[in-house]
Every structure is written in C-alpha cells, then in structure tokens.
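Quick look at data09.cif (mmCIF, C-alpha atoms and all ligand atoms):
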```
data_protein
loop_
_atom_site.group_PDB
_atom_site.id
_atom_site.type_symbol
_atom_site.label_atom_id
_atom_site.label_comp_id
_atom_site.auth_asym_id
_atom_site.auth_seq_id
_atom_site.Cartn_x
_atom_site.Cartn_y
_atom_site.Cartn_z
ATOM 1 C CA MET Z 151 101.967 83.177 106.282
ATOM 2 C CA SER Z 152 104.883 85.537 105.803
ATOM 3 C CA ILE Z 153 105.025 88.315 108.367
ATOM 4 C CA THR Z 154 105.800 91.828 107.266
ATOM 5 C CA PRO Z 155 107.572 94.187 109.662
ATOM 6 C CA VAL Z 156 105.478 95.226 112.658
ATOM 7 C CA GLY Z 157 104.084 91.705 112.642
ATOM 8 C CA ALA Z 158 101.543 92.571 109.999
ATOM 9 C CA ALA Z 159 100.067 95.102 112.433
ATOM 10 C CA ARG Z 160 98.109 97.040 109.887
ATOM 11 C CA ALA Z 161 96.831 99.533 112.434
ATOM 12 C CA ILE Z 162 98.114 101.388 115.438
ATOM 13 C CA HIS Z 163 96.113 103.019 118.238
ATOM 14 C CA TRP Z 164 97.954 106.273 118.873
ATOM 15 C CA ARG Z 165 97.184 108.147 122.087
ATOM 16 C CA ILE Z 166 98.322 111.624 121.111
ATOM 17 C CA ASN Z 167 97.613 113.205 124.503
ATOM 18 C CA CYS Z 168 96.390 112.433 128.012
ATOM 19 C CA ALA Z 169 94.371 115.514 128.953
ATOM 20 C CA CYS Z 170 90.587 115.530 128.856
ATOM 21 C CA ASN Z 171 87.859 118.014 129.745
ATOM 22 C CA ARG Z 172 85.518 115.220 130.938
ATOM 23 C CA ARG Z 173 85.646 112.854 133.925
ATOM 24 C CA CYS Z 174 84.010 109.617 132.810
ATOM 25 C CA ALA Z 175 83.908 106.916 135.459
ATOM 26 C CA PHE Z 176 85.018 104.181 133.029
ATOM 27 C CA CYS Z 177 87.925 106.126 131.519
ATOM 28 C CA TYR Z 178 91.189 104.248 131.099
ATOM 29 C CA GLY Z 179 93.109 106.866 129.179
ATOM 30 C CA PRO Z 180 96.622 107.365 130.531
ATOM 31 C CA GLU Z 181 96.659 109.921 133.327
ATOM 32 C CA GLN Z 182 100.094 111.478 132.957
ATOM 33 C CA ARG Z 183 100.020 114.917 131.391
ATOM 34 C CA HIS Z 184 101.903 113.966 128.250
ATOM 35 C CA GLU Z 185 101.285 115.666 124.938
ATOM 36 C CA VAL Z 186 102.548 114.430 121.607
ATOM 37 C CA ASN Z 187 105.856 115.895 120.445
ATOM 38 C CA LEU Z 188 105.554 116.239 116.689
ATOM 39 C CA GLU Z 189 109.249 116.480 115.905
ATOM 40 C CA ALA Z 190 109.864 113.172 117.677
ATOM 41 C CA SER Z 191 106.643 111.434 116.631
ATOM 42 C CA ILE Z 192 106.403 112.050 112.914
ATOM 43 C CA PRO Z 193 109.598 110.139 112.019
ATOM 44 C CA VAL Z 194 108.375 107.205 114.160
ATOM 45 C CA LEU Z 195 104.962 107.211 112.479
ATOM 46 C CA ASP Z 196 106.538 107.516 109.045
ATOM 47 C CA ASN Z 197 108.753 104.555 109.829
ATOM 48 C CA LEU Z 198 105.776 102.431 110.912
ATOM 49 C CA VAL Z 199 103.842 103.424 107.794
ATOM 50 C CA ASP Z 200 106.859 102.526 105.651
ATOM 51 C CA HIS Z 201 106.780 99.111 107.347
ATOM 52 C CA GLY Z 202 103.162 98.322 106.647
ATOM 53 C CA VAL Z 203 100.885 100.247 109.017
ATOM 54 C CA ARG Z 204 97.876 101.331 106.969
ATOM 55 C CA SER Z 205 95.492 102.762 109.563
ATOM 56 C CA VAL Z 206 96.018 105.076 112.507
ATOM 57 C CA ILE Z 207 93.377 105.164 115.224
ATOM 58 C CA ILE Z 208 93.802 108.445 117.087
ATOM 59 C CA THR Z 209 92.767 108.562 120.690
ATOM 60 C CA GLY Z 210 93.776 110.148 124.006
ATOM 61 C CA GLY Z 211 92.750 111.649 126.490
ATOM 62 C CA GLU Z 212 90.581 113.809 124.289
ATOM 63 C CA PRO Z 213 92.604 114.160 121.085
ATOM 64 C CA LEU Z 214 90.843 117.334 119.936
ATOM 65 C CA LEU Z 215 92.279 119.084 123.006
ATOM 66 C CA SER Z 216 95.770 118.574 121.620
ATOM 67 C CA ARG Z 217 97.328 121.651 120.064
ATOM 68 C CA LYS Z 218 99.003 119.301 117.583
ATOM 69 C CA VAL Z 219 95.965 117.393 116.393
ATOM 70 C CA ARG Z 220 95.486 119.393 113.197
ATOM 71 C CA ASP Z 221 99.098 118.853 112.157
ATOM 72 C CA VAL Z 222 98.843 115.162 113.029
ATOM 73 C CA LEU Z 223 95.718 114.726 110.899
ATOM 74 C CA ARG Z 224 97.120 116.608 107.923
ATOM 75 C CA HIS Z 225 100.359 114.651 108.030
ATOM 76 C CA LEU Z 226 98.593 111.301 108.186
ATOM 77 C CA ARG Z 227 96.311 112.291 105.330
ATOM 78 C CA ALA Z 228 99.362 113.253 103.264
ATOM 79 C CA ARG Z 229 100.846 109.812 103.999
ATOM 80 C CA GLY Z 230 97.700 108.179 102.635
ATOM 81 C CA VAL Z 231 96.828 106.074 105.691
ATOM 82 C CA SER Z 232 93.238 105.674 106.778
ATOM 83 C CA ILE Z 233 92.401 107.751 109.840
ATOM 84 C CA VAL Z 234 90.012 106.851 112.644
ATOM 85 C CA LEU Z 235 89.450 109.373 115.451
ATOM 86 C CA TYR Z 236 87.793 108.901 118.845
ATOM 87 C CA THR Z 237 86.324 112.058 120.374
ATOM 88 C CA ASN Z 238 83.778 113.116 122.968
ATOM 89 C CA CYS Z 239 82.585 115.734 120.386
ATOM 90 C CA ASP Z 240 82.935 118.771 122.673
ATOM 91 C CA LEU Z 241 85.530 120.410 120.404
ATOM 92 C CA PHE Z 242 84.307 119.016 117.112
ATOM 93 C CA ASP Z 243 83.144 122.390 115.746
ATOM 94 C CA GLN Z 244 86.478 124.012 116.493
ATOM 95 C CA HIS Z 245 88.220 121.489 114.237
ATOM 96 C CA GLU Z 246 85.397 120.720 111.834
ATOM 97 C CA ASP Z 247 87.257 121.945 108.733
ATOM 98 C CA VAL Z 248 90.237 119.643 109.199
ATOM 99 C CA LEU Z 249 88.113 116.700 110.365
ATOM 100 C CA VAL Z 250 85.976 116.891 107.249
ATOM 101 C CA ASP Z 251 89.103 116.981 105.072
ATOM 102 C CA THR Z 252 90.982 114.143 106.717
ATOM 103 C CA LEU Z 253 88.861 111.565 108.554
ATOM 104 C CA ASP Z 254 87.768 108.165 107.319
ATOM 105 C CA VAL Z 255 85.949 107.192 110.505
ATOM 106 C CA LEU Z 256 84.695 109.245 113.466
ATOM 107 C CA CYS Z 257 83.949 107.378 116.709
ATOM 108 C CA VAL Z 258 81.580 109.060 119.152
ATOM 109 C CA PRO Z 259 80.095 107.987 122.486
ATOM 110 C CA LEU Z 260 76.465 107.531 123.436
ATOM 111 C CA GLU Z 261 75.865 106.286 126.973
ATOM 112 C CA GLY Z 262 72.087 106.614 126.984
ATOM 113 C CA ALA Z 263 69.076 107.571 124.919
ATOM 114 C CA SER Z 264 68.355 110.516 127.207
ATOM 115 C CA GLU Z 265 70.487 113.406 128.418
ATOM 116 C CA PHE Z 266 69.737 112.302 131.944
ATOM 117 C CA ILE Z 267 71.579 109.002 131.509
ATOM 118 C CA HIS Z 268 74.264 110.072 129.033
ATOM 119 C CA ASP Z 269 75.245 113.262 130.889
ATOM 120 C CA GLN Z 270 75.166 111.453 134.222
ATOM 121 C CA MET Z 271 78.153 109.532 132.914
ATOM 122 C CA ARG Z 272 79.890 112.099 130.704
ATOM 123 C CA GLY Z 273 78.896 115.429 132.216
ATOM 124 C CA VAL Z 274 76.680 118.394 131.426
ATOM 125 C CA ASN Z 275 75.846 119.073 127.768
ATOM 126 C CA SER Z 276 77.857 116.102 126.506
ATOM 127 C CA MET Z 277 74.875 114.499 124.787
ATOM 128 C CA ARG Z 278 73.998 117.741 123.006
ATOM 129 C CA ALA Z 279 77.483 117.862 121.500
ATOM 130 C CA VAL Z 280 77.259 114.228 120.359
ATOM 131 C CA VAL Z 281 73.771 114.542 118.880
ATOM 132 C CA SER Z 282 74.749 117.737 117.070
ATOM 133 C CA VAL Z 283 77.552 115.798 115.328
ATOM 134 C CA LEU Z 284 75.278 112.825 114.597
ATOM 135 C CA ASP Z 285 72.640 115.132 113.091
ATOM 136 C CA ARG Z 286 75.165 116.610 110.668
ATOM 137 C CA TYR Z 287 77.447 113.675 109.906
ATOM 138 C CA ALA Z 288 75.721 110.353 110.587
ATOM 139 C CA VAL Z 289 73.758 110.935 107.415
ATOM 140 C CA LYS Z 290 73.885 110.039 103.743
ATOM 141 C CA GLY Z 291 76.648 111.914 101.924
ATOM 142 C CA SER Z 292 78.829 112.387 105.023
ATOM 143 C CA PRO Z 293 82.550 112.770 104.240
ATOM 144 C CA PHE Z 294 83.393 110.106 106.857
ATOM 145 C CA ARG Z 295 81.746 107.072 108.412
ATOM 146 C CA VAL Z 296 80.442 107.277 111.976
ATOM 147 C CA LYS Z 297 80.782 104.665 114.662
ATOM 148 C CA VAL Z 298 79.021 104.914 118.051
ATOM 149 C CA GLY Z 299 80.267 103.338 121.274
ATOM 150 C CA THR Z 300 78.493 102.633 124.560
ATOM 151 C CA VAL Z 301 80.041 101.333 127.779
ATOM 152 C CA LEU Z 302 77.556 99.089 129.535
ATOM 153 C CA GLY Z 303 76.948 99.530 133.252
ATOM 154 C CA ARG Z 304 74.198 99.568 135.859
ATOM 155 C CA HIS Z 305 73.163 103.071 134.714
ATOM 156 C CA ASN Z 306 72.283 102.159 131.121
ATOM 157 C CA LEU Z 307 71.552 98.410 130.902
ATOM 158 C CA HIS Z 308 67.842 99.209 130.621
ATOM 159 C CA GLU Z 309 68.451 101.884 127.944
ATOM 160 C CA LEU Z 310 69.861 99.684 125.193
ATOM 161 C CA PRO Z 311 66.597 99.263 123.240
ATOM 162 C CA ALA Z 312 66.007 103.037 123.422
ATOM 163 C CA ILE Z 313 69.553 103.784 122.226
ATOM 164 C CA LEU Z 314 69.076 101.346 119.353
ATOM 165 C CA TYR Z 315 65.829 103.108 118.445
ATOM 166 C CA LEU Z 316 67.587 106.501 118.486
ATOM 167 C CA LEU Z 317 70.472 105.231 116.348
ATOM 168 C CA GLY Z 318 67.967 103.890 113.851
ATOM 169 C CA LYS Z 319 67.361 107.493 112.787
ATOM 170 C CA TYR Z 320 70.976 107.838 111.685
ATOM 171 C CA ARG Z 321 73.405 106.255 109.257
ATOM 172 C CA ILE Z 322 75.738 104.483 111.675
ATOM 173 C CA GLU Z 323 78.493 102.174 110.507
ATOM 174 C CA VAL Z 324 78.417 100.166 113.700
ATOM 175 C CA TRP Z 325 77.265 100.472 117.303
ATOM 176 C CA LYS Z 326 79.875 98.995 119.574
ATOM 177 C CA LEU Z 327 78.869 97.729 123.000
ATOM 178 C CA TYR Z 328 81.829 97.803 125.361
ATOM 179 C CA GLU Z 329 82.206 95.843 128.527
ATOM 180 C CA TYR Z 330 83.785 97.958 131.265
ATOM 181 C CA VAL Z 331 87.522 97.407 131.528
ATOM 182 C CA ARG Z 332 88.950 97.750 135.036
ATOM 183 C CA TYR Z 333 92.487 99.089 135.299
ATOM 184 C CA THR Z 334 94.802 98.742 138.242
ATOM 185 C CA ASP Z 335 95.587 102.418 138.618
ATOM 186 C CA ARG Z 336 93.098 104.772 136.964
ATOM 187 C CA GLU Z 337 91.922 107.412 139.419
ATOM 188 C CA LEU Z 338 88.670 108.174 137.572
ATOM 189 C CA GLN Z 339 87.531 104.569 137.835
ATOM 190 C CA LYS Z 340 87.045 104.917 141.602
ATOM 191 C CA LYS Z 341 83.730 106.585 140.791
ATOM 192 C CA TRP Z 342 82.618 103.464 138.872
ATOM 193 C CA LEU Z 343 83.336 101.425 141.951
ATOM 194 C CA ASN Z 344 81.907 103.881 144.488
ATOM 195 C CA GLU Z 345 78.658 104.296 142.585
ATOM 196 C CA GLN Z 346 78.377 100.538 142.046
ATOM 197 C CA LEU Z 347 77.983 100.881 138.304
ATOM 198 C CA GLY Z 348 79.551 97.517 137.549
ATOM 199 C CA ILE Z 349 77.604 94.653 136.024
ATOM 200 C CA THR Z 350 78.518 90.997 135.794
ATOM 201 C CA ASP Z 351 79.750 89.194 132.674
ATOM 202 C CA ALA Z 352 76.410 87.384 132.596
ATOM 203 C CA GLU Z 353 74.493 90.665 132.643
ATOM 204 C CA TYR Z 354 76.660 92.014 129.808
ATOM 205 C CA ARG Z 355 76.054 88.882 127.748
ATOM 206 C CA HIS Z 356 72.336 88.804 128.491
ATOM 207 C CA ALA Z 357 71.777 92.490 127.652
ATOM 208 C CA THR Z 358 73.815 92.373 124.435
ATOM 209 C CA ARG Z 359 72.153 89.136 123.310
ATOM 210 C CA ALA Z 360 68.724 90.729 123.816
ATOM 211 C CA VAL Z 361 69.546 93.814 121.781
ATOM 212 C CA LEU Z 362 71.223 91.742 119.048
ATOM 213 C CA ALA Z 363 67.966 89.817 118.717
ATOM 214 C CA THR Z 364 65.870 92.946 118.077
ATOM 215 C CA PRO Z 365 63.591 92.211 115.110
ATOM 216 C CA ASP Z 366 64.193 94.283 111.945
ATOM 217 C CA ARG Z 367 67.291 95.888 113.430
ATOM 218 C CA LYS Z 368 69.034 98.046 110.859
ATOM 219 C CA THR Z 369 72.003 99.206 112.957
ATOM 220 C CA LYS Z 370 74.970 96.856 112.903
ATOM 221 C CA ILE Z 371 76.160 95.933 116.397
ATOM 222 C CA SER Z 372 79.544 94.675 117.500
ATOM 223 C CA LEU Z 373 80.586 93.521 120.959
ATOM 224 C CA SER Z 374 83.774 94.267 122.837
ATOM 225 C CA SER Z 375 84.172 92.292 126.044
ATOM 226 C CA ASP Z 376 87.125 92.722 128.371
ATOM 227 C CA PHE Z 377 88.252 89.216 127.344
ATOM 228 C CA GLU Z 378 88.465 90.296 123.714
ATOM 229 C CA ARG Z 379 90.466 93.397 124.570
ATOM 230 C CA ASP Z 380 93.112 91.500 126.533
ATOM 231 C CA ASN Z 381 96.420 91.295 124.624
ATOM 232 C CA SER Z 382 94.873 92.571 121.439
ATOM 233 C CA TYR Z 383 96.183 96.076 120.719
ATOM 234 C CA PHE Z 384 99.156 97.688 119.059
ATOM 235 C CA MET Z 385 99.178 100.989 120.928
ATOM 236 C CA MET Z 386 101.488 103.954 121.275
ATOM 237 C CA ASN Z 387 101.439 106.546 124.071
ATOM 238 C CA PRO Z 388 102.184 110.257 123.559
ATOM 239 C CA ASP Z 389 105.764 109.740 124.747
ATOM 240 C CA LEU Z 390 106.161 106.972 122.097
ATOM 241 C CA GLU Z 391 106.019 104.038 124.490
ATOM 242 C CA ILE Z 392 104.620 100.993 122.696
ATOM 243 C CA VAL Z 393 102.067 99.412 125.043
ATOM 244 C CA VAL Z 394 99.704 96.452 125.074
ATOM 245 C CA PRO Z 395 96.785 96.448 127.551
ATOM 246 C CA VAL Z 396 96.887 93.079 129.323
ATOM 247 C CA ARG Z 397 94.558 91.529 131.886
ATOM 248 C CA GLY Z 398 96.156 90.153 135.037
ATOM 249 C CA GLU Z 399 95.010 87.240 137.170
ATOM 250 C CA THR Z 400 92.752 89.512 139.253
ATOM 251 C CA GLY Z 401 90.917 90.600 136.088
ATOM 252 C CA GLU Z 402 92.396 94.103 136.232
ATOM 253 C CA PHE Z 403 94.146 95.547 133.191
ATOM 254 C CA GLU Z 404 97.439 97.352 132.969
ATOM 255 C CA ASP Z 405 99.384 98.797 130.070
ATOM 256 C CA ARG Z 406 102.394 96.581 129.504
ATOM 257 C CA VAL Z 407 105.203 98.769 128.186
ATOM 258 C CA LEU Z 408 107.195 96.949 125.498
ATOM 259 C CA CYS Z 409 109.702 99.621 124.522
ATOM 260 C CA ASN Z 410 110.007 103.218 123.400
ATOM 261 C CA ALA Z 411 109.572 103.499 119.649
ATOM 262 C CA ALA Z 412 111.875 106.538 119.516
ATOM 263 C CA ASN Z 413 114.934 104.395 120.114
ATOM 264 C CA THR Z 414 113.836 100.898 119.052
ATOM 265 C CA PRO Z 415 114.192 99.512 115.523
ATOM 266 C CA VAL Z 416 110.939 98.435 113.918
ATOM 267 C CA SER Z 417 112.130 94.825 113.741
ATOM 268 C CA GLU Z 418 112.604 94.815 117.536
ATOM 269 C CA ILE Z 419 109.205 96.463 118.107
ATOM 270 C CA GLU Z 420 107.732 93.683 116.003
ATOM 271 C CA ARG Z 421 109.481 90.944 117.946
ATOM 272 C CA LEU Z 422 108.430 92.305 121.346
ATOM 273 C CA TRP Z 423 104.863 92.908 120.214
ATOM 274 C CA ARG Z 424 104.437 89.484 118.578
ATOM 275 C CA GLU Z 425 105.727 87.856 121.777
ATOM 276 C CA THR Z 426 103.070 89.649 123.810
ATOM 277 C CA ILE Z 427 99.816 89.765 121.883
ATOM 278 C CA ASP Z 428 97.243 87.097 121.227
ATOM 279 C CA TRP Z 429 97.244 87.062 117.424
ATOM 280 C CA GLU Z 430 93.674 85.838 116.969
ATOM 281 C CA LYS Z 431 92.254 88.404 119.369
ATOM 282 C CA TYR Z 432 94.305 91.123 117.715
ATOM 283 C CA GLN Z 433 92.889 90.236 114.314
ATOM 284 C CA ALA Z 434 89.332 90.226 115.639
ATOM 285 C CA ASN Z 435 89.839 93.471 117.534
ATOM 286 C CA LEU Z 436 91.342 95.115 114.484
ATOM 287 C CA GLN Z 437 88.391 94.047 112.407
ATOM 288 C CA ALA Z 438 86.043 95.589 114.958
ATOM 289 C CA SER Z 439 88.131 98.792 115.175
ATOM 290 C CA LEU Z 440 88.286 99.376 111.450
ATOM 291 C CA PHE Z 441 85.152 97.622 110.278
HETATM 292 S S1 LIG Z 501 86.435 108.385 128.425
HETATM 293 FE FE1 LIG Z 501 87.091 109.910 126.887
HETATM 294 S S2 LIG Z 501 85.805 111.721 127.302
HETATM 295 FE FE2 LIG Z 501 85.681 110.429 129.109
HETATM 296 S S3 LIG Z 501 87.288 111.185 130.501
HETATM 297 FE FE3 LIG Z 501 88.185 109.506 129.285
HETATM 298 S S4 LIG Z 501 89.159 110.491 127.541
HETATM 299 FE FE4 LIG Z 501 87.716 111.964 128.434
#
```

Could I get this structure in the form of structure tokens?
Ligand code: SF4
Amino acid sequence: MSITPVGAARAIHWRINCACNRRCAFCYGPEQRHEVNLEASIPVLDNLVDHGVRSVIITGGEPLLSRKVRDVLRHLRARGVSIVLYTNCDLFDQHEDVLVDTLDVLCVPLEGASEFIHDQMRGVNSMRAVVSVLDRYAVKGSPFRVKVGTVLGRHNLHELPAILYLLGKYRIEVWKLYEYVRYTDRELQKKWLNEQLGITDAEYRHATRAVLATPDRKTKISLSSDFERDNSYFMMNPDLEIVVPVRGETGEFEDRVLCNAANTPVSEIERLWRETIDWEKYQANLQASLF
C-alpha cells in the first residue's frame, strides 16, 4: 500500500485547550494551562489537511471553554474536513449556533442512568446538561450525529442495562464503553484510586459482554479497552506537540512527545509517528472514533 504524507493518518485528535470546569476522576486531559494559539495553529492544521488529514476530532480539556473554539470550528468547516467534537455539554447552549452549523459528530458523556451516579462522577447538574442536548439533538433530523461515551468503573458497572434502556429512547450513532486508562501523572486520577473505583480487565470484559448480548438491542455499542488505546492515536496538544499515548510496562499511560508540529516538516512528523504507533490498532481506533 502506498503511504500518503502523515502516514495515511486521515484523522487527528486535536486538544485545543487544557482547562475544564469539571473534575472527573478518570480525566486524562493534559493539565498544563495551555490554550490554542490560532495564528500558530491554523497554518499547521492547513498543512496537515493539505497532506491528507480529512477529519479533526476536537477535544481538550473542555473545548467549549476555549475562547478560540468558534474560530477553530468555522475554519475547519471552511476547509471541508469532517469535524468531531467531545464536550461535557455544560457550555453547549452558549455555542449552539456554531455547533449546529459546523459539526458532523458530537460526543457526549453519560456515566449513569441516574443523576445520582452520573453527577457523582462528573459533578452537580452535569447529567441535566447532557440530557438536554440528547433531547434536542439525538433525534431524527439532527444536523449532526451523536455519540455517547461511558467510562466503566465500580460506580456504574451495575448501571449498564439501565443506560442502554435510556439510550434506546434516542437516536445514537454509537455508545462507546471505555475502559479506564491510568496515566502516570494526572492529578485528578488520584480520586479514582482513593475511592477504589477501579475494576479488573475481567470485570470490564464480563460487563461489556453482558450488555452486548442484550436481546433486541437497537443501540450500536463499541468497546475501547486500554489495550486498544495503546499506541493508536495521532494527537496534537494546544502547544502543537504531536503526541501518542503509550502504555508502559506498569500498565500506566503517558503521552509520548514526538515533535512540535510548528517547526517539523510533515514528512518528518509522518516518519516519527509511523515509527511509534501500532498501525492495526490505529486503524481500529480510527474506525471507532469516526464510525
Ligand atoms: S473528563 Fe472531560 S469533563 Fe471531565 S474533567 Fe476531564 S476534560 Fe473535564
């Protein structure tokens, strides 16, 4: 197979900021207080698009907290790439006009079928914000597709059938069940440890297998284990570092920094990235990210 520049990486996960208004115990967003610099970032993005990137998956931190997010979305729409955005939904209404005009896919979290469980993990009134978006946009005729993600832990293992039942009321592209990913250095994750929210690989497999086997299930489900996420991203931080999350021997992840895209030719980014990633996992992960 001939490889186009950027190693045929058709999609990039772009963390446009690091700040967030929530404090989720599984969060692995970068913790430095970087914010995207548009003047520096747009030429880099344009260059990647010129070399074959067709989808941009915008994440953070909470990307809707970024003062630049509207400009980012409008620019990407003008470039004709497909746009996927991850958000906790708290600021959705503030940016609704531009989101409706630009998004292809909106990814929202649901940690439980009840406010008690969901807000325990994401904080007060988080579930109300998510459900308000689902009610309006996870429906027939929506301008974008909606994906829902759940991180599995001790707090919600028993809730999966109830979440599936709730999602059955909506038009959901896919419900993604994430295994918790442990990072070496993320401050927020101490809460996960302290509150003993972790589950074993076997529990993750058992719970996901059970929900996959639900009779007459209409919601599509996809799985994302920590194994599958190892070495399988093409990711850019707000300061334009190209990073790949990799799992070390202890099972903990870290972001391996390959280079800074501001001063690295695309051909060199490609070489460094292709040397690092697991191509098969990348392809599978990409499929699950873009569905
Ligand atoms: S998981 Fe998302 S919403 Fe929660 S703290 Fe991290 S960036 Fe914020």

Output the neighbourhood of ligand LIG 501 (chain Z) as an mmCIF file with C-alpha atoms, in the coordinates of the input, that is, all protein and nucleic acid residues with some atom at most 7 Å from the ligand, counting only C-alpha atoms and all ligand atoms.
```
data_model
loop_
_atom_site.group_PDB
_atom_site.id
_atom_site.type_symbol
_atom_site.label_atom_id
_atom_site.label_comp_id
_atom_site.auth_asym_id
_atom_site.auth_seq_id
_atom_site.Cartn_x
_atom_site.Cartn_y
_atom_site.Cartn_z
ATOM 1 C CA CYS Z 170 90.587 115.530 128.856
ATOM 2 C CA ASN Z 171 87.859 118.014 129.745
ATOM 3 C CA ARG Z 172 85.518 115.220 130.938
ATOM 4 C CA ARG Z 173 85.646 112.854 133.925
ATOM 5 C CA CYS Z 174 84.010 109.617 132.810
ATOM 6 C CA PHE Z 176 85.018 104.181 133.029
ATOM 7 C CA CYS Z 177 87.925 106.126 131.519
ATOM 8 C CA TYR Z 178 91.189 104.248 131.099
ATOM 9 C CA GLY Z 179 93.109 106.866 129.179
ATOM 10 C CA GLY Z 210 93.776 110.148 124.006
ATOM 11 C CA GLY Z 211 92.750 111.649 126.490
ATOM 12 C CA GLU Z 212 90.581 113.809 124.289
ATOM 13 C CA THR Z 237 86.324 112.058 120.374
ATOM 14 C CA ASN Z 238 83.778 113.116 122.968
ATOM 15 C CA ARG Z 272 79.890 112.099 130.704
#
```

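Coordinates place CA of Val393 (chain Z) at a distance of 24.3 Å from CA of Lys297 (chain Z).
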
(request) Spell out the residues picked by the PyMOL selection byres (((chain Z and resi 191) around 12) and not hetatm) here, as an MDAnalysis selection string. (result) chainID Z and resid 164:166 185:190 192:198 218 221:222 225:226 386:391 410:413

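If you measure from each of Z:Leu408, Z:Asp285, Z:Glu309, Z:Phe294 to His268 (chain Z) using only C-alpha atoms, the closest one turns out to be Z:Glu309.
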
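Going from CA of Leu260 (chain Z) to CA of Gly299 (chain Z) covers 6.1 Å.
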
(message) Evaluate the PyMOL selection byres (((chain Z and resi 183) around 7) and not hetatm) against this structure - the residues, as an MDAnalysis selection string, please.
(response) chainID Z and resid 168:169 181:182 184:185

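The space between CA of Gln270 (chain Z) and CA of Pro213 (chain Z) spans 22.0 Å.
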
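Taken over the whole file, the PyMOL selection byres (((chain Z and resi 274-282) around 7) and not hetatm) covers exactly Cys239, Asp240, Val258, Glu265, His268, Asp269, Arg272, Gly273, Val283, Leu284, Asp285 and Arg286 of chain Z.
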
Using only C-alpha atoms, please write the residues we just selected to a file, as a tab-separated table (two decimals), keeping the file's coordinate frame.
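Output file selection.tsv follows:
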```tsv
chain	number	residue	atom	x	y	z
Z	239	CYS	CA	82.58	115.73	120.39
Z	240	ASP	CA	82.94	118.77	122.67
Z	258	VAL	CA	81.58	109.06	119.15
Z	265	GLU	CA	70.49	113.41	128.42
Z	268	HIS	CA	74.26	110.07	129.03
Z	269	ASP	CA	75.24	113.26	130.89
Z	272	ARG	CA	79.89	112.10	130.70
Z	273	GLY	CA	78.90	115.43	132.22
Z	283	VAL	CA	77.55	115.80	115.33
Z	284	LEU	CA	75.28	112.82	114.60
Z	285	ASP	CA	72.64	115.13	113.09
Z	286	ARG	CA	75.17	116.61	110.67
```

Could you make a table, as JSON lines, of the residues of region 220-324 of chain Z that have an atom within 8 Å of an atom of region 331-348 of chain Z, each with its nearest atom pair and distance in Å to one decimal, counting all atoms listed in the file, in chain and number order?
```
{"residue": "Z:Gly303", "atom": "CA", "partner": "Z:Leu347", "partner_atom": "CA", "distance": 5.3}
{"residue": "Z:Arg304", "atom": "CA", "partner": "Z:Leu347", "partner_atom": "CA", "distance": 4.7}
{"residue": "Z:His305", "atom": "CA", "partner": "Z:Leu347", "partner_atom": "CA", "distance": 6.4}
```

(message) Nearest residue to His163 (chain Z) out of Z:Thr364, Z:Ser216, Z:Thr414, Z:Asn435, using all atoms listed in the file?
(response) Z:Asn435

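Distance annotation: of Z:Val416, Z:Thr400, Z:Ile208, Z:Thr369, the residue with the minimal separation from Tyr320 (chain Z) is Z:Thr369; atom set is only C-alpha atoms.
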
Box centre and edge lengths (Å, one decimal), axis-aligned, region 392-408 of chain Z plus 5 Å each side, as AutoDock Vina command-line options:
```
--center_x 99.1 --center_y 94.1 --center_z 131.0 --size_x 26.3 --size_y 23.8 --size_z 26.6
```

(request) Return the single residue from Z:Ile419, Z:Leu314, Z:Val407, Z:Ala357 that is closest to Lys370 (chain Z), with distances computed using all atoms listed in the file. (result) Z:Leu314

(message) Can you pull out the residues contacting Trp429 (chain Z)? Cut-off 9 Å, using all atoms listed in the file, and skip same-chain residues under 3 positions away; I want them as a ChimeraX atom specification.
(response) /Z:381-382,424,432-434

With C-alpha atoms kept, could you save the residues just selected as a short mmCIF file (atom, residue, chain, number, x, y, z; two decimals), in the coordinates of the input?
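This is the output file out-v2.cif:
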```
data_model
loop_
_atom_site.label_atom_id
_atom_site.label_comp_id
_atom_site.auth_asym_id
_atom_site.auth_seq_id
_atom_site.Cartn_x
_atom_site.Cartn_y
_atom_site.Cartn_z
CA ASN Z 381 96.42 91.30 124.62
CA SER Z 382 94.87 92.57 121.44
CA ARG Z 424 104.44 89.48 118.58
CA TYR Z 432 94.30 91.12 117.72
CA GLN Z 433 92.89 90.24 114.31
CA ALA Z 434 89.33 90.23 115.64
#
```

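Of the residues listed (Z:Arg229, Z:Lys290, Z:His201, Z:Arg359), Z:Arg359 shows the shortest atom-to-atom separation from Leu373 (chain Z); distances use all atoms listed in the file.
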